[in-house]
>>> print(open('final33.cif').read())   # mmCIF, C-alpha atoms
data_model
loop_
_atom_site.label_atom_id
_atom_site.label_comp_id
_atom_site.auth_asym_id
_atom_site.auth_seq_id
_atom_site.Cartn_x
_atom_site.Cartn_y
_atom_site.Cartn_z
CA MET A 1 -23.62 1.68 -31.36
CA LYS A 2 -20.75 2.18 -28.87
CA ASP A 3 -22.13 -0.56 -26.63
CA GLU A 4 -22.26 -2.94 -29.60
CA ILE A 5 -18.61 -2.25 -30.43
CA LEU A 6 -17.63 -2.95 -26.82
CA GLN A 7 -19.60 -6.21 -26.72
CA THR A 8 -17.92 -7.27 -29.95
CA GLY A 9 -14.53 -6.52 -28.39
CA TYR A 10 -15.37 -8.59 -25.32
CA LYS A 11 -16.41 -11.53 -27.51
CA GLU A 12 -13.30 -11.25 -29.69
CA TYR A 13 -11.20 -11.42 -26.51
CA GLY A 14 -13.01 -14.63 -25.62
CA PHE A 15 -15.33 -13.62 -22.79
CA SER A 16 -18.49 -15.66 -22.29
CA GLU A 17 -21.97 -14.17 -22.42
CA LYS A 18 -22.30 -14.75 -18.68
CA THR A 19 -19.24 -12.63 -17.88
CA ILE A 20 -20.25 -9.92 -20.36
CA GLU A 21 -23.75 -9.65 -18.87
CA LEU A 22 -22.37 -9.61 -15.32
CA THR A 23 -20.02 -6.78 -16.32
CA LYS A 24 -22.86 -4.71 -17.83
CA GLU A 25 -25.04 -5.15 -14.72
CA VAL A 26 -22.24 -4.29 -12.31
CA GLU A 27 -21.02 -1.22 -14.18
CA LYS A 28 -24.50 0.31 -13.99
CA GLU A 29 -24.71 -0.40 -10.25
CA ILE A 30 -21.33 1.13 -9.40
CA GLU A 31 -21.71 4.39 -11.37
CA PRO A 32 -22.29 6.59 -8.26
CA ILE A 33 -19.23 5.10 -6.52
CA ILE A 34 -17.08 5.71 -9.59
CA GLU A 35 -18.09 9.38 -9.58
CA GLU A 36 -17.06 9.77 -5.93
CA ILE A 37 -13.67 8.22 -6.72
CA ASN A 38 -13.23 10.65 -9.61
CA GLN A 39 -13.80 13.61 -7.30
CA ILE A 40 -11.19 12.38 -4.80
CA ALA A 41 -8.71 11.95 -7.67
CA GLN A 42 -9.36 15.51 -8.80
CA TYR A 43 -8.78 16.87 -5.29
CA ASN A 44 -5.50 14.97 -4.92
CA SER A 45 -4.40 16.07 -8.39
CA ILE A 46 -4.78 19.69 -7.25
CA LYS A 47 -2.52 18.97 -4.24
CA VAL A 48 0.15 17.38 -6.40
CA LEU A 49 0.12 20.02 -9.14
CA LYS A 50 0.34 22.79 -6.54
CA ALA A 51 3.39 21.15 -4.95
CA PHE A 52 5.13 20.79 -8.31
CA GLN A 53 4.52 24.42 -9.19
CA GLU A 54 5.41 25.90 -5.80
CA ASN A 55 8.71 23.97 -5.78
CA ASN A 56 9.47 25.14 -9.34
CA ILE A 57 10.07 21.70 -10.79
CA SER A 58 12.04 21.99 -14.02
CA ASP A 59 14.13 19.85 -16.36
CA MET A 60 17.24 20.33 -14.20
CA HIS A 61 15.61 18.31 -11.40
CA PHE A 62 15.69 15.22 -13.64
CA ASN A 63 19.49 15.18 -13.82
CA SER A 64 21.43 12.29 -12.31
CA THR A 65 24.11 12.17 -9.63
CA THR A 66 26.49 9.34 -8.75
CA GLY A 67 28.92 8.48 -5.98
CA TYR A 68 28.13 10.23 -2.70
CA GLY A 69 25.36 12.36 -4.20
CA TYR A 70 26.37 15.59 -2.45
CA GLY A 71 24.26 18.59 -3.44
CA ASP A 72 21.74 16.58 -5.46
CA ILE A 73 19.17 19.28 -6.18
CA GLY A 74 16.79 16.88 -7.94
CA ARG A 75 16.73 14.49 -4.99
CA ASP A 76 16.35 17.30 -2.44
CA THR A 77 13.56 19.04 -4.37
CA THR A 78 11.73 15.77 -4.94
CA GLU A 79 11.69 15.28 -1.18
CA LYS A 80 10.28 18.78 -0.73
CA VAL A 81 7.47 18.01 -3.18
CA PHE A 82 6.58 14.77 -1.40
CA ALA A 83 6.73 16.53 1.97
CA GLN A 84 4.31 19.22 0.78
CA VAL A 85 1.85 16.70 -0.66
CA LEU A 86 1.93 14.59 2.52
CA LYS A 87 1.89 17.64 4.84
CA ALA A 88 5.22 16.65 6.40
CA GLU A 89 8.01 18.73 7.94
CA ASP A 90 10.51 16.62 6.03
CA CYS A 91 10.65 13.56 3.83
CA LEU A 92 13.07 10.87 2.73
CA VAL A 93 12.37 9.60 -0.82
CA ARG A 94 15.06 7.20 -1.96
CA GLY A 95 15.73 4.48 -4.49
CA GLN A 96 18.08 2.98 -1.90
CA PHE A 97 14.96 1.63 -0.19
CA ILE A 98 14.34 -1.82 -1.66
CA SER A 99 10.70 -2.09 -0.61
CA GLY A 100 8.09 -0.92 1.87
CA THR A 101 9.31 -3.61 4.29
CA HIS A 102 12.85 -2.24 3.99
CA ALA A 103 11.66 1.31 4.64
CA LEU A 104 9.68 0.14 7.70
CA THR A 105 12.73 -1.78 8.94
CA VAL A 106 15.05 1.21 8.57
CA THR A 107 12.48 3.42 10.30
CA LEU A 108 12.05 1.07 13.25
CA PHE A 109 15.81 0.64 13.70
CA GLY A 110 16.22 4.42 13.38
CA LEU A 111 13.66 5.23 16.07
CA LEU A 112 14.20 2.44 18.60
CA ARG A 113 17.09 1.74 20.99
CA PRO A 114 17.93 -1.24 23.26
CA GLY A 115 15.45 -1.41 26.13
CA ASP A 116 12.71 0.42 24.20
CA ILE A 117 9.24 -1.03 23.66
CA LEU A 118 7.52 -1.15 20.27
CA LEU A 119 3.74 -1.46 20.53
CA SER A 120 1.50 -2.42 17.63
CA ILE A 121 -2.11 -1.45 18.23
CA THR A 122 -3.44 -3.13 15.08
CA GLY A 123 -2.48 -6.65 16.11
CA LYS A 124 0.37 -8.57 14.53
CA PRO A 125 2.01 -6.64 11.71
CA TYR A 126 2.37 -7.89 8.14
CA ASP A 127 4.13 -11.27 7.75
CA THR A 128 7.33 -9.80 6.27
CA LEU A 129 8.00 -7.95 9.56
CA ASP A 130 7.98 -11.14 11.65
CA GLU A 131 11.74 -11.58 11.44
CA VAL A 132 12.39 -7.83 11.57
CA ILE A 133 10.63 -7.58 14.94
CA GLY A 134 11.71 -10.99 16.24
CA ILE A 135 8.32 -12.69 16.30
CA VAL A 136 10.20 -15.28 14.26
CA ASN A 137 13.75 -15.69 15.57
CA ASN A 138 16.44 -13.91 13.61
CA PRO A 139 19.85 -12.77 14.91
CA SER A 140 19.41 -9.41 13.15
CA SER A 141 15.94 -8.64 14.57
CA LEU A 142 14.90 -5.80 16.86
CA LYS A 143 14.49 -8.42 19.58
CA SER A 144 18.15 -9.44 19.22
CA PHE A 145 19.07 -5.82 20.04
CA GLY A 146 17.01 -5.88 23.24
CA ILE A 147 13.97 -4.11 21.85
CA GLU A 148 10.69 -5.48 23.19
CA PHE A 149 7.55 -5.93 21.13
CA GLU A 150 3.94 -5.98 22.32
CA GLN A 151 0.68 -5.97 20.44
CA ILE A 152 -2.90 -5.04 21.13
CA ASP A 153 -5.43 -6.63 18.81
CA LEU A 154 -8.28 -4.73 17.24
CA LYS A 155 -11.69 -5.07 18.85
CA ASP A 156 -14.64 -5.40 16.45
CA ASN A 157 -12.53 -3.88 13.65
CA ASP A 158 -11.68 -0.82 15.73
CA PHE A 159 -8.96 0.09 18.19
CA ASP A 160 -9.17 -1.28 21.72
CA TYR A 161 -9.03 2.20 23.22
CA GLU A 162 -9.32 1.09 26.84
CA THR A 163 -6.42 -1.39 26.62
CA ILE A 164 -4.28 1.09 24.69
CA GLN A 165 -4.71 3.79 27.33
CA GLU A 166 -4.17 1.33 30.18
CA THR A 167 -0.94 0.09 28.58
CA LEU A 168 0.34 3.64 28.12
CA LYS A 169 -0.36 4.40 31.79
CA ASN A 170 1.60 1.37 33.00
CA LYS A 171 4.53 1.21 30.55
CA LYS A 172 6.85 3.64 28.81
CA ILE A 173 6.25 2.91 25.14
CA LYS A 174 8.74 4.42 22.69
CA VAL A 175 6.97 3.78 19.36
CA ILE A 176 3.36 2.93 18.57
CA GLU A 177 2.99 1.24 15.19
CA ILE A 178 -0.29 1.34 13.27
CA GLN A 179 -0.67 -0.71 10.11
CA ARG A 180 -3.53 0.76 8.14
CA SER A 181 -3.90 -1.96 5.52
CA LYS A 182 -5.06 -5.41 6.59
CA GLY A 183 -2.00 -7.36 5.45
CA TYR A 184 -2.86 -11.06 5.31
CA SER A 185 -5.62 -10.80 7.90
CA THR A 186 -9.37 -10.65 7.39
CA ARG A 187 -9.88 -7.47 9.43
CA LYS A 188 -11.00 -4.20 7.90
CA SER A 189 -8.41 -1.62 6.92
CA ILE A 190 -8.05 1.44 9.13
CA GLY A 191 -9.67 4.67 7.97
CA ILE A 192 -8.27 8.15 8.55
CA GLU A 193 -11.11 8.98 10.97
CA GLN A 194 -10.12 6.02 13.17
CA ILE A 195 -6.48 7.16 13.05
CA GLU A 196 -7.49 10.63 14.21
CA GLN A 197 -9.61 9.26 17.05
CA VAL A 198 -6.97 6.87 18.39
CA ILE A 199 -4.25 9.54 18.25
CA GLU A 200 -6.45 11.80 20.36
CA LYS A 201 -6.85 8.99 22.93
CA ILE A 202 -3.10 8.27 22.92
CA ARG A 203 -2.20 11.92 23.46
CA GLN A 204 -4.48 12.11 26.47
CA ILE A 205 -2.05 9.75 28.20
CA ASP A 206 1.32 10.22 26.48
CA LYS A 207 2.35 13.38 24.64
CA ASP A 208 5.78 12.05 23.63
CA VAL A 209 5.29 8.52 22.30
CA ILE A 210 6.17 8.33 18.60
CA ILE A 211 3.17 7.36 16.48
CA MET A 212 4.33 5.63 13.31
CA ILE A 213 1.92 4.70 10.53
CA ASP A 214 2.48 2.00 7.94
CA ASN A 215 0.65 3.84 5.16
CA CYS A 216 1.23 1.28 2.39
CA TYR A 217 -1.70 0.87 -0.03
CA CYS A 218 -3.53 3.87 1.50
CA GLU A 219 -2.12 7.05 -0.07
CA PHE A 220 -4.60 9.12 -2.12
CA VAL A 221 -7.50 6.77 -1.34
CA GLY A 222 -9.02 9.71 0.53
CA THR A 223 -8.27 13.42 0.75
CA LYS A 224 -6.19 13.33 3.96
CA GLU A 225 -3.03 11.53 5.02
CA PRO A 226 -2.17 10.48 8.62
CA LEU A 227 0.26 13.36 9.30
CA GLU A 228 -2.69 15.72 8.93
CA VAL A 229 -4.46 14.11 11.90
CA GLY A 230 -1.53 13.97 14.31
CA ALA A 231 0.75 11.08 13.30
CA ASP A 232 4.49 11.69 13.76
CA ILE A 233 5.90 9.63 10.91
CA ILE A 234 4.51 7.62 7.98
CA VAL A 235 6.07 5.06 5.68
CA GLY A 236 5.11 3.79 2.24
CA SER A 237 6.41 2.02 -0.85
CA LEU A 238 6.80 3.64 -4.26
CA ILE A 239 5.90 0.48 -6.11
CA LYS A 240 2.51 0.97 -4.53
CA ASN A 241 0.27 4.05 -4.62
CA LEU A 242 2.57 7.07 -4.76
CA GLY A 243 4.84 5.60 -7.45
CA GLY A 244 1.96 5.76 -9.92
CA GLY A 245 3.16 2.62 -11.72
CA ILE A 246 6.19 4.54 -13.01
CA ALA A 247 8.67 4.48 -10.11
CA PRO A 248 10.79 1.32 -10.65
CA ASN A 249 11.55 0.90 -6.93
CA GLY A 250 11.98 2.94 -3.76
CA ALA A 251 9.97 4.12 -0.79
CA TYR A 252 9.32 7.21 1.30
CA VAL A 253 9.38 8.11 4.97
CA ALA A 254 7.70 11.40 5.91
CA GLY A 255 7.07 13.25 9.14
CA LYS A 256 8.75 15.35 11.79
CA SER A 257 12.22 16.59 10.85
CA LYS A 258 13.99 15.18 13.94
CA LEU A 259 12.57 11.72 13.24
CA ILE A 260 13.40 11.84 9.53
CA ASN A 261 17.00 12.69 10.48
CA LEU A 262 17.19 9.57 12.66
CA VAL A 263 15.85 7.40 9.85
CA ALA A 264 18.19 8.99 7.29
CA GLU A 265 21.20 8.30 9.51
CA ARG A 266 20.16 4.67 9.75
CA LEU A 267 19.73 4.42 5.96
CA THR A 268 23.12 6.02 5.23
CA ALA A 269 25.48 6.76 8.15
CA PRO A 270 25.51 8.83 11.35
CA GLY A 271 26.68 12.34 10.52
CA GLU A 272 25.76 12.00 6.85
CA GLY A 273 22.01 11.30 6.87
CA LYS A 274 20.09 12.97 4.07
CA GLU A 275 23.15 14.74 2.64
CA VAL A 276 24.29 11.63 0.78
CA GLY A 277 22.66 9.13 -1.53
CA PRO A 278 22.95 9.61 -5.30
CA SER A 279 19.75 9.79 -7.32
CA LEU A 280 21.22 7.69 -10.15
CA GLY A 281 18.72 9.23 -12.56
CA ILE A 282 15.59 8.12 -10.72
CA THR A 283 14.09 11.49 -9.77
CA LYS A 284 12.16 11.86 -13.03
CA SER A 285 10.47 8.50 -12.42
CA PHE A 286 9.66 9.45 -8.82
CA LEU A 287 8.20 12.81 -9.80
CA GLN A 288 6.31 11.50 -12.82
CA GLY A 289 4.97 8.63 -10.72
CA LEU A 290 3.72 11.03 -8.05
CA PHE A 291 2.17 13.20 -10.77
CA MET A 292 0.25 10.20 -12.12
CA ALA A 293 -0.58 8.73 -8.70
CA PRO A 294 -4.00 10.36 -8.07
CA ASN A 295 -5.32 8.97 -11.34
CA VAL A 296 -3.67 5.56 -10.98
CA VAL A 297 -4.94 5.14 -7.41
CA SER A 298 -8.43 6.03 -8.60
CA SER A 299 -8.14 3.35 -11.32
CA SER A 300 -7.11 0.82 -8.68
CA LEU A 301 -10.10 1.77 -6.54
CA LYS A 302 -12.49 1.47 -9.48
CA THR A 303 -11.06 -1.95 -10.31
CA ALA A 304 -11.54 -3.03 -6.67
CA VAL A 305 -15.13 -1.75 -6.60
CA PHE A 306 -15.91 -3.58 -9.85
CA ALA A 307 -14.34 -6.81 -8.56
CA SER A 308 -16.11 -6.55 -5.22
CA ARG A 309 -19.56 -6.29 -6.77
CA CYS A 310 -18.92 -8.98 -9.39
CA LEU A 311 -17.62 -11.53 -6.88
CA GLU A 312 -20.38 -10.71 -4.41
CA LYS A 313 -22.99 -11.35 -7.10
CA LEU A 314 -21.30 -14.68 -7.78
CA GLY A 315 -21.84 -15.63 -4.13
CA PHE A 316 -18.43 -15.02 -2.58
CA ASP A 317 -17.72 -13.16 0.64
CA VAL A 318 -15.96 -9.86 -0.16
CA GLU A 319 -14.47 -7.09 1.96
CA PRO A 320 -15.08 -4.26 1.58
CA LYS A 321 -18.44 -4.36 -0.15
CA TYR A 322 -18.55 -2.33 -3.35
CA ASN A 323 -20.41 0.58 -1.73
CA GLU A 324 -18.46 0.73 1.55
CA LYS A 325 -15.96 3.49 2.29
CA ARG A 326 -12.41 2.39 1.55
CA ALA A 327 -9.17 3.01 3.41
CA ASP A 328 -6.83 1.32 0.92
CA ILE A 329 -6.71 -0.21 -2.56
CA VAL A 330 -6.90 -3.80 -1.31
CA GLN A 331 -9.91 -5.98 -2.10
CA THR A 332 -10.29 -9.31 -0.33
CA ILE A 333 -12.33 -12.26 -1.56
CA ASN A 334 -12.88 -15.24 0.74
CA PHE A 335 -13.20 -18.32 -1.46
CA ASN A 336 -13.25 -20.84 1.42
CA ASN A 337 -11.75 -23.15 -1.16
CA LYS A 338 -8.08 -23.66 -1.96
CA GLU A 339 -8.65 -24.44 -5.65
CA LYS A 340 -10.82 -21.35 -6.24
CA LEU A 341 -8.18 -19.10 -4.65
CA ILE A 342 -5.52 -20.56 -6.92
CA GLN A 343 -7.77 -20.36 -10.01
CA TYR A 344 -8.65 -16.71 -9.37
CA CYS A 345 -4.99 -15.71 -8.97
CA GLN A 346 -4.08 -17.66 -12.10
CA GLY A 347 -6.88 -15.83 -13.95
CA ILE A 348 -5.46 -12.46 -12.90
CA GLN A 349 -2.11 -13.58 -14.33
CA MET A 350 -3.82 -14.58 -17.59
CA GLY A 351 -5.32 -11.08 -17.83
CA SER A 352 -1.97 -9.32 -17.32
CA PRO A 353 0.15 -7.57 -19.96
CA VAL A 354 3.42 -9.22 -18.86
CA ASP A 355 3.96 -12.98 -18.42
CA SER A 356 0.32 -13.71 -19.19
CA ASN A 357 1.38 -17.19 -20.33
CA SER A 358 2.89 -18.00 -16.92
CA ILE A 359 0.89 -20.03 -14.41
CA PRO A 360 1.54 -19.00 -10.78
CA GLU A 361 1.61 -21.77 -8.19
CA PRO A 362 1.83 -21.64 -4.37
CA TRP A 363 5.42 -21.62 -3.09
CA ASP A 364 7.53 -21.10 0.03
CA MET A 365 8.20 -17.38 -0.36
CA PRO A 366 10.93 -15.82 1.82
CA GLY A 367 9.47 -13.81 4.72
CA TYR A 368 6.16 -15.71 4.86
CA THR A 369 5.15 -18.51 7.23
CA ASP A 370 2.68 -20.18 4.84
CA GLN A 371 2.95 -21.00 1.17
CA VAL A 372 1.82 -18.03 -0.91
CA ILE A 373 0.45 -17.74 -4.43
CA MET A 374 1.24 -14.46 -6.19
CA ALA A 375 -0.08 -13.28 -9.53
CA ALA A 376 1.45 -10.11 -10.93
CA GLY A 377 2.05 -9.68 -14.64
CA ALA A 378 3.58 -6.30 -13.97
CA PHE A 379 6.09 -4.02 -15.68
CA THR A 380 7.83 -3.59 -12.31
CA GLN A 381 8.55 -6.73 -10.32
CA GLY A 382 6.44 -6.83 -7.15
CA SER A 383 4.47 -3.70 -8.03
CA SER A 384 1.17 -3.69 -6.13
CA ILE A 385 -0.25 -0.64 -7.87
CA GLU A 386 -0.33 -2.71 -11.04
CA LEU A 387 -3.05 -5.35 -11.03
CA SER A 388 -1.95 -8.17 -8.78
CA CYS A 389 -3.52 -10.80 -6.58
CA ASP A 390 -2.00 -12.98 -3.91
CA GLY A 391 -2.89 -14.97 -0.85
CA PRO A 392 -1.52 -17.37 1.75
CA ILE A 393 -2.55 -20.98 1.32
CA ARG A 394 -4.47 -21.25 4.57
CA PRO A 395 -8.17 -21.07 5.51
CA PRO A 396 -10.35 -19.18 4.71
CA TYR A 397 -8.36 -19.11 1.43
CA THR A 398 -8.56 -15.39 0.89
CA ALA A 399 -7.38 -13.58 -2.22
CA PHE A 400 -5.87 -10.14 -1.67
CA MET A 401 -6.27 -8.19 -4.88
CA GLN A 402 -4.98 -4.70 -5.55
CA GLY A 403 -3.96 -2.35 -8.30
CA GLY A 404 -4.86 -1.51 -11.86
CA LEU A 405 -2.91 1.15 -13.78
CA THR A 406 -6.09 1.98 -15.66
CA TYR A 407 -9.63 0.94 -14.88
CA GLU A 408 -10.05 -0.46 -18.38
CA TYR A 409 -7.11 -2.85 -18.02
CA GLY A 410 -7.99 -3.64 -14.41
CA LYS A 411 -11.54 -4.57 -15.37
CA LEU A 412 -10.32 -6.87 -18.14
CA GLY A 413 -8.02 -8.63 -15.68
CA VAL A 414 -10.86 -9.18 -13.23
CA MET A 415 -13.14 -10.44 -16.01
CA LYS A 416 -10.46 -12.93 -17.04
CA ALA A 417 -10.11 -14.16 -13.45
CA ILE A 418 -13.89 -14.55 -13.17
CA GLU A 419 -13.92 -16.56 -16.40
CA ASN A 420 -11.27 -18.85 -14.95
CA ILE A 421 -13.24 -19.71 -11.82
CA ILE A 422 -16.52 -20.08 -13.77
CA GLU A 423 -14.95 -22.39 -16.37
CA LYS A 424 -13.47 -24.68 -13.72
CA LYS A 425 -16.57 -25.19 -11.58
#
>>> encode(input="final33.cif", output="structure tokens")
Amino acid sequence: MKDEILQTGYKEYGFSEKTIELTKEVEKEIEPIIEEINQIAQYNSIKVLKAFQENNISDMHFNSTTGYGYGDIGRDTTEKVFAQVLKAEDCLVRGQFISGTHALTVTLFGLLRPGDILLSITGKPYDTLDEVIGIVNNPSSLKSFGIEFEQIDLKDNDFDYETIQETLKNKKIKVIEIQRSKGYSTRKSIGIEQIEQVIEKIRQIDKDVIIMIDNCYCEFVGTKEPLEVGADIIVGSLIKNLGGGIAPNGAYVAGKSKLINLVAERLTAPGEGKEVGPSLGITKSFLQGLFMAPNVVSSSLKTAVFASRCLEKLGFDVEPKYNEKRADIVQTINFNNKEKLIQYCQGIQMGSPVDSNSIPEPWDMPGYTDQVIMAAGAFTQGSSIELSCDGPIRPPYTAFMQGGLTYEYGKLGVMKAIENIIEKK
């Protein structure tokens, strides 16, 4: 009887028999994967609840401060909660961060000095860092301050351990940057086991180099975070995983206290650091978002698993496969066809709760070298933990899909996108 009600609902929403049947088949196939995701969510929920209770979160921590923000107990306690969850000595959790890119920029400028070398060991970083680093000329880049940048590409979707160690022997590297998520590349995302292994290899040669992890899209996907396997500092956005779809903006930087102090003094001012920065009433959203994050991340993962299997059965190249271990919430689909990429993204927009009547088109987006199409009918502008899908308009015409505040809504969005590419064959 329940199944009949659901099928009726699908038909009333306008789904074709083909999409409904595909959904039924796929949901049976992915049941064991869904159960594994549920267990990870439960484990991470225990971590979060424990941190809330041990830091005695109460109504007073939701109060707002303005101006300088001296003595903001809500802000300071929120940072203690995040630090405990992420296993960090200290943490900076601020609404003054505009985005993950901004937090990464502040961190890099906080850690590096003229003459230093920044080394990426996961190839070229995400497109929005091109002008930050100086890969694309900008008078405000790290390069303009005399900071050098080098990169070592991945080798067969893993670190090039030999080249990394050889580089560390021959040059004094100040910061090693590792981007876990794939960005706009077709490589695999970096798992926590790979992070642990490469850190061990790095430390065999250099005990002092700062290992910085771009952890965007990866929090709560597994049961460990990079600081637990030897990273020095990690950075992430709160309109991605840890914001739980509730944080309206912001980002975090977590890690060793001395490094967090450097980053804080770059965000605010030397001598002031973490002591200033008013919460402006945002701490409740940050804490509530973190509280919801294990469940929301699990919904995003379920949505990605569902999409992966559906699109694979329709003949498209997907990464990761539905039953592969995941390092982040991102699902890629190679359409090898410009029109199909655009149609899929437009279908995601059609299945969104906000601006579902809008039709996204490729455009010259600031910070990107190619035209980009972005679909995100989200409550928070640019939120990647809400169902969204984007991609650069360049071969192999890959869609990068992520998010889903609930699995139910995420699944409906994917079904709508599938309908859109089926209808326009």
>>> resolve_selection(input="final33.cif", expression="the PyMOL selection byres ((chain A and resi 138-144) around 10)", output="PyMOL selection string")
chain A and resi 105+108-109+112-118+129-137+145-149
>>> residues_around(input="final33.cif", residues="Val354 of chain A", least_positions_apart="3", cutoff="10 Å", atoms="all atoms listed in the file", output="MDAnalysis selection string")
chainID A and resid 349:351 357:358 376:380
>>> closest_residue(input="final33.cif", among="A:Arg187, A:Arg180, A:His61, A:Lys171", to="Val221 of chain A", atoms="all atoms listed in the file")
A:Arg180
>>> resolve_selection(input="final33.cif", expression="the PyMOL selection byres ((chain A and resi 335) around 8)", output="compact mmCIF listing (two decimals) with C-alpha atoms, keeping the file's coordinate frame")
# COMPACT_ATOMS: atom_id res chain seq x y z
CA PHE A 316 -18.43 -15.02 -2.58
CA ASP A 317 -17.72 -13.16 0.64
CA ILE A 333 -12.33 -12.26 -1.56
CA ASN A 334 -12.88 -15.24 0.74
CA ASN A 336 -13.25 -20.84 1.42
CA ASN A 337 -11.75 -23.15 -1.16
CA LYS A 338 -8.08 -23.66 -1.96
CA LYS A 340 -10.82 -21.35 -6.24
CA LEU A 341 -8.18 -19.10 -4.65
CA PRO A 396 -10.35 -19.18 4.71
CA TYR A 397 -8.36 -19.11 1.43
CA THR A 398 -8.56 -15.39 0.89
CA ALA A 399 -7.38 -13.58 -2.22
>>> closest_residue(input="final33.cif", among="A:Tyr344, A:Trp363, A:Tyr126, A:Phe306", to="Glu408 of chain A", atoms="all atoms listed in the file")
A:Phe306
>>> closest_residue(input="final33.cif", among="A:Glu219, A:Glu36, A:Glu319, A:Asp355", to="Thr186 of chain A", atoms="all atoms listed in the file")
A:Glu319
>>> residues_around(input="final33.cif", residues="Asp206 of chain A", least_positions_apart="4", cutoff="12 Å", atoms="all atoms listed in the file", output="PyMOL selection string")
chain A and resi 164-176+199-202+210-211
>>> resolve_selection(input="final33.cif", expression="the PyMOL selection byres ((chain A and resi 242) around 8)", output="list in words")
Glu219, Phe220, Ser237, Leu238, Ile239, Lys240, Asn241, Gly243, Gly244, Gly289, Leu290 and Ala293 of chain A
>>> residues_around(input="final33.cif", residues="segment 24-30 of chain A", least_positions_apart="4", cutoff="9 Å", atoms="all atoms listed in the file", output="VMD selection string")
chain A and resid 19 to 20 34 to 35 302 305 to 306 309 to 310 313 322 to 323
>>> closest_residue(input="final33.cif", among="A:Ser120, A:Thr128, A:Thr101, A:Asn157", to="Ile178 of chain A", atoms="only C-alpha atoms")
A:Ser120
>>> atom_distance(input="final33.cif", atom1="atom CA of Phe52 of chain A", atom2="atom CA of Leu86 of chain A")
12.9 Å
>>> closest_residue(input="final33.cif", among="A:Val276, A:Gly100, A:Gly255, A:Thr8", to="Glu228 of chain A", atoms="all atoms listed in the file")
A:Gly255
>>> atom_distance(input="final33.cif", atom1="atom CA of Phe400 of chain A", atom2="atom CA of Gly183 of chain A")
8.6 Å
>>> atom_distance(input="final33.cif", atom1="atom CA of Ser285 of chain A", atom2="atom CA of Gly410 of chain A")
22.2 Å
>>> closest_residue(input="final33.cif", among="A:Glu12, A:Glu419, A:Asp127, A:Glu31", to="Met365 of chain A", atoms="all atoms listed in the file")
A:Asp127
>>> residues_around(input="final33.cif", residues="Thr268 of chain A", least_positions_apart="5", cutoff="10 Å", atoms="all atoms listed in the file", output="list in words")
Gln96, Val106, Val263, Gly273, Lys274, Glu275, Val276 and Gly277 of chain A
>>> write_last_selection(input="final33.cif", atoms="C-alpha atoms", output="mmCIF file, in the frame of the given file")
data_model
loop_
_atom_site.group_PDB
_atom_site.id
_atom_site.type_symbol
_atom_site.label_atom_id
_atom_site.label_comp_id
_atom_site.auth_asym_id
_atom_site.auth_seq_id
_atom_site.Cartn_x
_atom_site.Cartn_y
_atom_site.Cartn_z
ATOM 1 C CA GLN A 96 18.080 2.980 -1.900
ATOM 2 C CA VAL A 106 15.050 1.210 8.570
ATOM 3 C CA VAL A 263 15.850 7.400 9.850
ATOM 4 C CA GLY A 273 22.010 11.300 6.870
ATOM 5 C CA LYS A 274 20.090 12.970 4.070
ATOM 6 C CA GLU A 275 23.150 14.740 2.640
ATOM 7 C CA VAL A 276 24.290 11.630 0.780
ATOM 8 C CA GLY A 277 22.660 9.130 -1.530
#
>>> residues_near_point(input="final33.cif", point="(-6.0, 14.1, -5.8)", cutoff="10 Å", atoms="only C-alpha atoms", output="PyMOL selection string")
chain A and resi 37-49+85+219-224+291-295+297-298
>>> write_last_selection(input="final33.cif", atoms="C-alpha atoms", output="mmCIF file, in the frame of the given file")
data_model
loop_
_atom_site.group_PDB
_atom_site.id
_atom_site.type_symbol
_atom_site.label_atom_id
_atom_site.label_comp_id
_atom_site.auth_asym_id
_atom_site.auth_seq_id
_atom_site.Cartn_x
_atom_site.Cartn_y
_atom_site.Cartn_z
ATOM 1 C CA ILE A 37 -13.670 8.220 -6.720
ATOM 2 C CA ASN A 38 -13.230 10.650 -9.610
ATOM 3 C CA GLN A 39 -13.800 13.610 -7.300
ATOM 4 C CA ILE A 40 -11.190 12.380 -4.800
ATOM 5 C CA ALA A 41 -8.710 11.950 -7.670
ATOM 6 C CA GLN A 42 -9.360 15.510 -8.800
ATOM 7 C CA TYR A 43 -8.780 16.870 -5.290
ATOM 8 C CA ASN A 44 -5.500 14.970 -4.920
ATOM 9 C CA SER A 45 -4.400 16.070 -8.390
ATOM 10 C CA ILE A 46 -4.780 19.690 -7.250
ATOM 11 C CA LYS A 47 -2.520 18.970 -4.240
ATOM 12 C CA VAL A 48 0.150 17.380 -6.400
ATOM 13 C CA LEU A 49 0.120 20.020 -9.140
ATOM 14 C CA VAL A 85 1.850 16.700 -0.660
ATOM 15 C CA GLU A 219 -2.120 7.050 -0.070
ATOM 16 C CA PHE A 220 -4.600 9.120 -2.120
ATOM 17 C CA VAL A 221 -7.500 6.770 -1.340
ATOM 18 C CA GLY A 222 -9.020 9.710 0.530
ATOM 19 C CA THR A 223 -8.270 13.420 0.750
ATOM 20 C CA LYS A 224 -6.190 13.330 3.960
ATOM 21 C CA PHE A 291 2.170 13.200 -10.770
ATOM 22 C CA MET A 292 0.250 10.200 -12.120
ATOM 23 C CA ALA A 293 -0.580 8.730 -8.700
ATOM 24 C CA PRO A 294 -4.000 10.360 -8.070
ATOM 25 C CA ASN A 295 -5.320 8.970 -11.340
ATOM 26 C CA VAL A 297 -4.940 5.140 -7.410
ATOM 27 C CA SER A 298 -8.430 6.030 -8.600
#
